[in-house]
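To keep things clear, I will list the structure first and then write my remarks on it.
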Amino acid sequence: MRRFVLISIFVFYVFVLIEGSFAGQTGGITSARTFFQEQNQQSQKRSKKKSDQQGIGLETNTGMLIDAKKEALIGNIDGATTMFKRYIERYPMDPVGYYELAQLEGIKKNYSDAINLISKSIELDPENIWYQLFLSELYQITGNYSNAIGIFEKIIDKNPDNLDYYYQLASLYLTISRYQDAIKMYDRIEEKAGVSEEISLQKEKIHIHLADLQKAEEELKNLIHAFPGESRYYSILAEFYMSNNSPDKAIEVYKKVEEIDPENAYIHMSMADYYRKTGKKDKAFEELKLGFANPNLDVDTKVNILLSFYSVNQLFSELKDEAFTLAKILLETHPADPKVHSIYGDLLVQDKKYEEARESFLKVIALDSSRYAVWEEILRLDLQLGEFQHLSQTSKRVIELFPEQPGPYLFSGLADYQLKDYQEGLKALTAGSSLVVDNDELLAQFYMYLGDTRHALKNDDEAYKDYEKSLQIKDNNAYVLNNYAYYLSLKGQELDKAETMAKKAVTLEPENSSFQDTYGWVMYKQGRFKDAREWIGKAIGDKENVSAEVLEHFGDVLFKLGEQNQALEYWLQAKKKGPGSENLEKKIREKRLVE
């Protein structure tokens, strides 16, 4: 079907060039008339003998052809069809009319009519190759490949020097699985044009499909013989051997590549693959190192090849040392490529070397500051390292570079919260939350930290609204459930709701000592002191990491249970750990519970 489109476009531009326009330009019409006259003159010469035998001359009417063609060009296909039908009725010996009408029927997908019409053109002008090609195209569209092949075989007999016809016929043979005929046609092309990569590799594929590996090998060897200095063909042969369980032959060819082309960018990677597949891991790694040190091979290719050898998990676990070695070679070979520093940073993150990883990522953005994903990784590492001052400065810079990305605003708000700059944090979190689109998980986090920030600003009513919004999006966020429950308990508000949330939080994370303390503290506020002792007691089970707040809470519970001396002991421990509540000093001094 593509042929119809191409022919129509071709004819359209011919007429535009010939006629200029259809608005009464006499010179253009005259040129178009000349075009059809030339076509008819050629047909007349080819049909003269036949028409003489029939006792009639070949009559044509160029003006009628032009008028019909105009209708086709402006899209009036039905009108043009009617006019061409009228033309062939009046001039039945002119093959051009049948050809034009056949094209229109083809456009309308009336293929049977199109075939009959173009066959009539060929009957009247059997030497016209365009008519024959068009008929072959119609046969291909209708699935009649045998007839299409027959036409091309005749065309080649009469046009033995046009290799394009050989290629088309070979393609048709392949379409109907006449593989040996296709090979013979490719052989004929080689006889005329010589050995070429395109033909040799095509024949190799056919032989492989036919399971004739010996002939496939011969094709590749013939290609090498024709181009002995082209190392790539040796590599293709070696890969053929590797794919067909002949590794010993493959290594000999790889060594030949190394000999004739020592700077070959791929040879060491190929040899590494050979050694890996033959179980020689140490040699494979040595070849990989040589390949990674070759500056002629780009970074992306090196990494893709590496990942074709090993999975990411292998590189980050059992092959970590090898991965670092290769990454360092990349750094030495491509020091100005930001991707290399990024790869090295990823490895360092996996190895939990966060400070070194951050330095590597900082080198990436020093080379290319447009990489948002790398900036975000730096922000995560700042948070991981607790470098809140650096996090604050960096997040504000990222906001300047990427003002429409919500992520940096979240990191900025977190940094400001830790630095107790709550007003600035509130601004950042509010601005960032307005930028979130189709990401409920991220929006829930914004509301969570907005709640924490507003609580720090003693605006609890608004903080509770933010927590509610966060839980509406994600109702199993243990952090929000815990904080919301705790802040309610501090004020003695909605204790039943607080208990429900605290219980859910500790169910989600049963080993979290902070959540255990909150659940126990809610019980304390409800007057359930024995239950409170059980849960806060769990929270202080880890003596080393227990906070001053938890120790003070446990002392308060013990005091309520009548164990004043033990309560004082825990209050003193809380004082040693760090700042407790504003009443802790008074509790110790007066040896009584102060609420």
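Going by the structure tokens order, chains are called A, B, ..., each with residues numbered from 1, while ligands are numbered from 1 in the order shown.
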
Any chance you could tabulate, as JSON lines, the residues of segment 451-498 of chain A at most 12 Å from segment 527-540 of chain A with each one's nearest atom pair and distance in Å to one decimal, using only C-alpha atoms, in chain and rising number order?
```
{"residue": "A:Ser489", "atom": "CA", "partner": "A:Gly527", "partner_atom": "CA", "distance": 11.8}
{"residue": "A:Gly492", "atom": "CA", "partner": "A:Gly527", "partner_atom": "CA", "distance": 11.2}
{"residue": "A:Leu495", "atom": "CA", "partner": "A:Gly527", "partner_atom": "CA", "distance": 10.8}
```

### Contacts of segment 290-301 of chain A within 8 Å, only C-alpha atoms, excl. fewer than 2 positions in-chain, as a PyMOL selection string
chain A and resi 263-269+286-288+303-305+326+329-330+332-334+339-340

Selected residues written out, N, CA and C atoms, as a PDB file, in the first residue's frame:
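Done, and the output landed in result-v5.pdb:
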```pdb
ATOM      1  N   GLU A 263      43.851  -1.303  20.035  1.00  0.00           N
ATOM      2  CA  GLU A 263      43.068  -0.227  20.651  1.00  0.00           C
ATOM      3  C   GLU A 263      41.565  -0.483  20.562  1.00  0.00           C
ATOM      4  N   ASN A 264      41.192  -1.650  20.089  1.00  0.00           N
ATOM      5  CA  ASN A 264      39.774  -1.979  19.953  1.00  0.00           C
ATOM      6  C   ASN A 264      39.050  -1.775  21.283  1.00  0.00           C
ATOM      7  N   ALA A 265      37.977  -0.993  21.235  1.00  0.00           N
ATOM      8  CA  ALA A 265      37.302  -0.604  22.476  1.00  0.00           C
ATOM      9  C   ALA A 265      36.559  -1.757  23.139  1.00  0.00           C
ATOM     10  N   TYR A 266      36.198  -2.772  22.367  1.00  0.00           N
ATOM     11  CA  TYR A 266      35.348  -3.825  22.898  1.00  0.00           C
ATOM     12  C   TYR A 266      36.076  -5.135  23.191  1.00  0.00           C
ATOM     13  N   ILE A 267      37.291  -5.291  22.698  1.00  0.00           N
ATOM     14  CA  ILE A 267      37.912  -6.604  22.735  1.00  0.00           C
ATOM     15  C   ILE A 267      38.055  -7.158  24.148  1.00  0.00           C
ATOM     16  N   HIS A 268      38.475  -6.308  25.090  1.00  0.00           N
ATOM     17  CA  HIS A 268      38.666  -6.817  26.449  1.00  0.00           C
ATOM     18  C   HIS A 268      37.329  -7.167  27.113  1.00  0.00           C
ATOM     19  N   MET A 269      36.280  -6.442  26.749  1.00  0.00           N
ATOM     20  CA  MET A 269      34.952  -6.778  27.265  1.00  0.00           C
ATOM     21  C   MET A 269      34.498  -8.130  26.709  1.00  0.00           C
ATOM     22  N   GLU A 286      40.214  -9.508  35.158  1.00  0.00           N
ATOM     23  CA  GLU A 286      41.385  -8.805  34.622  1.00  0.00           C
ATOM     24  C   GLU A 286      41.062  -8.163  33.279  1.00  0.00           C
ATOM     25  N   GLU A 287      40.294  -8.878  32.449  1.00  0.00           N
ATOM     26  CA  GLU A 287      39.909  -8.312  31.156  1.00  0.00           C
ATOM     27  C   GLU A 287      38.947  -7.146  31.339  1.00  0.00           C
ATOM     28  N   LEU A 288      38.050  -7.281  32.308  1.00  0.00           N
ATOM     29  CA  LEU A 288      37.130  -6.169  32.594  1.00  0.00           C
ATOM     30  C   LEU A 288      37.894  -4.915  32.994  1.00  0.00           C
ATOM     31  N   VAL A 303      29.234   0.401  31.623  1.00  0.00           N
ATOM     32  CA  VAL A 303      28.315   0.059  32.711  1.00  0.00           C
ATOM     33  C   VAL A 303      27.280  -0.959  32.232  1.00  0.00           C
ATOM     34  N   ASN A 304      26.764  -0.770  31.012  1.00  0.00           N
ATOM     35  CA  ASN A 304      25.780  -1.715  30.481  1.00  0.00           C
ATOM     36  C   ASN A 304      26.375  -3.111  30.336  1.00  0.00           C
ATOM     37  N   ILE A 305      27.629  -3.162  29.872  1.00  0.00           N
ATOM     38  CA  ILE A 305      28.295  -4.457  29.747  1.00  0.00           C
ATOM     39  C   ILE A 305      28.480  -5.093  31.120  1.00  0.00           C
ATOM     40  N   LEU A 326      36.490  -1.456  39.805  1.00  0.00           N
ATOM     41  CA  LEU A 326      36.104  -0.997  38.469  1.00  0.00           C
ATOM     42  C   LEU A 326      35.638   0.451  38.491  1.00  0.00           C
ATOM     43  N   ILE A 329      38.605   2.677  38.538  1.00  0.00           N
ATOM     44  CA  ILE A 329      39.231   2.742  37.215  1.00  0.00           C
ATOM     45  C   ILE A 329      38.467   3.715  36.326  1.00  0.00           C
ATOM     46  N   LEU A 330      37.139   3.672  36.430  1.00  0.00           N
ATOM     47  CA  LEU A 330      36.329   4.624  35.674  1.00  0.00           C
ATOM     48  C   LEU A 330      36.658   6.057  36.061  1.00  0.00           C
ATOM     49  N   GLU A 332      39.451   7.199  37.151  1.00  0.00           N
ATOM     50  CA  GLU A 332      40.758   7.557  36.600  1.00  0.00           C
ATOM     51  C   GLU A 332      40.690   7.774  35.086  1.00  0.00           C
ATOM     52  N   THR A 333      39.844   6.983  34.420  1.00  0.00           N
ATOM     53  CA  THR A 333      39.774   7.040  32.961  1.00  0.00           C
ATOM     54  C   THR A 333      38.873   8.162  32.465  1.00  0.00           C
ATOM     55  N   HIS A 334      37.809   8.457  33.223  1.00  0.00           N
ATOM     56  CA  HIS A 334      36.831   9.486  32.800  1.00  0.00           C
ATOM     57  C   HIS A 334      36.585  10.463  33.955  1.00  0.00           C
ATOM     58  N   LYS A 339      28.642  11.060  35.260  1.00  0.00           N
ATOM     59  CA  LYS A 339      28.043   9.739  35.490  1.00  0.00           C
ATOM     60  C   LYS A 339      28.960   8.849  36.309  1.00  0.00           C
ATOM     61  N   VAL A 340      30.267   9.008  36.102  1.00  0.00           N
ATOM     62  CA  VAL A 340      31.229   8.160  36.812  1.00  0.00           C
ATOM     63  C   VAL A 340      31.173   8.445  38.313  1.00  0.00           C
TER      64      VAL A 340
END
```

### atom CA of Glu387 of chain A to atom CA of Ile399 of chain A, distance in Å rounded to a single decimal
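Spanning atom CA of Glu387 of chain A to atom CA of Ile399 of chain A is a straight-line distance of 18.0 Å.
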
### Task
Record the distance separating atom CA of Val253 of chain A and atom CA of Gln214 of chain A, expressed in Å with one decimal.
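Here the two named atoms are 16.5 Å from each other.
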
### Query
as an MDAnalysis selection string, which residues of segment 160-352 of chain A does DSSP assign to alpha helix (DSSP H)?
chainID A and resid 163:175 179:193 197:209 213:226 231:243 247:260 267:277 281:292 299:309 312:316 320:333 338:350

### Proximity to Asp212 of chain A - best of A:Lys281, A:Leu117, A:Tyr179, A:Ala366, only C-alpha atoms
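Of A:Lys281, A:Leu117, A:Tyr179, A:Ala366, the one nearest Asp212 of chain A, counting only C-alpha atoms, is A:Tyr179.
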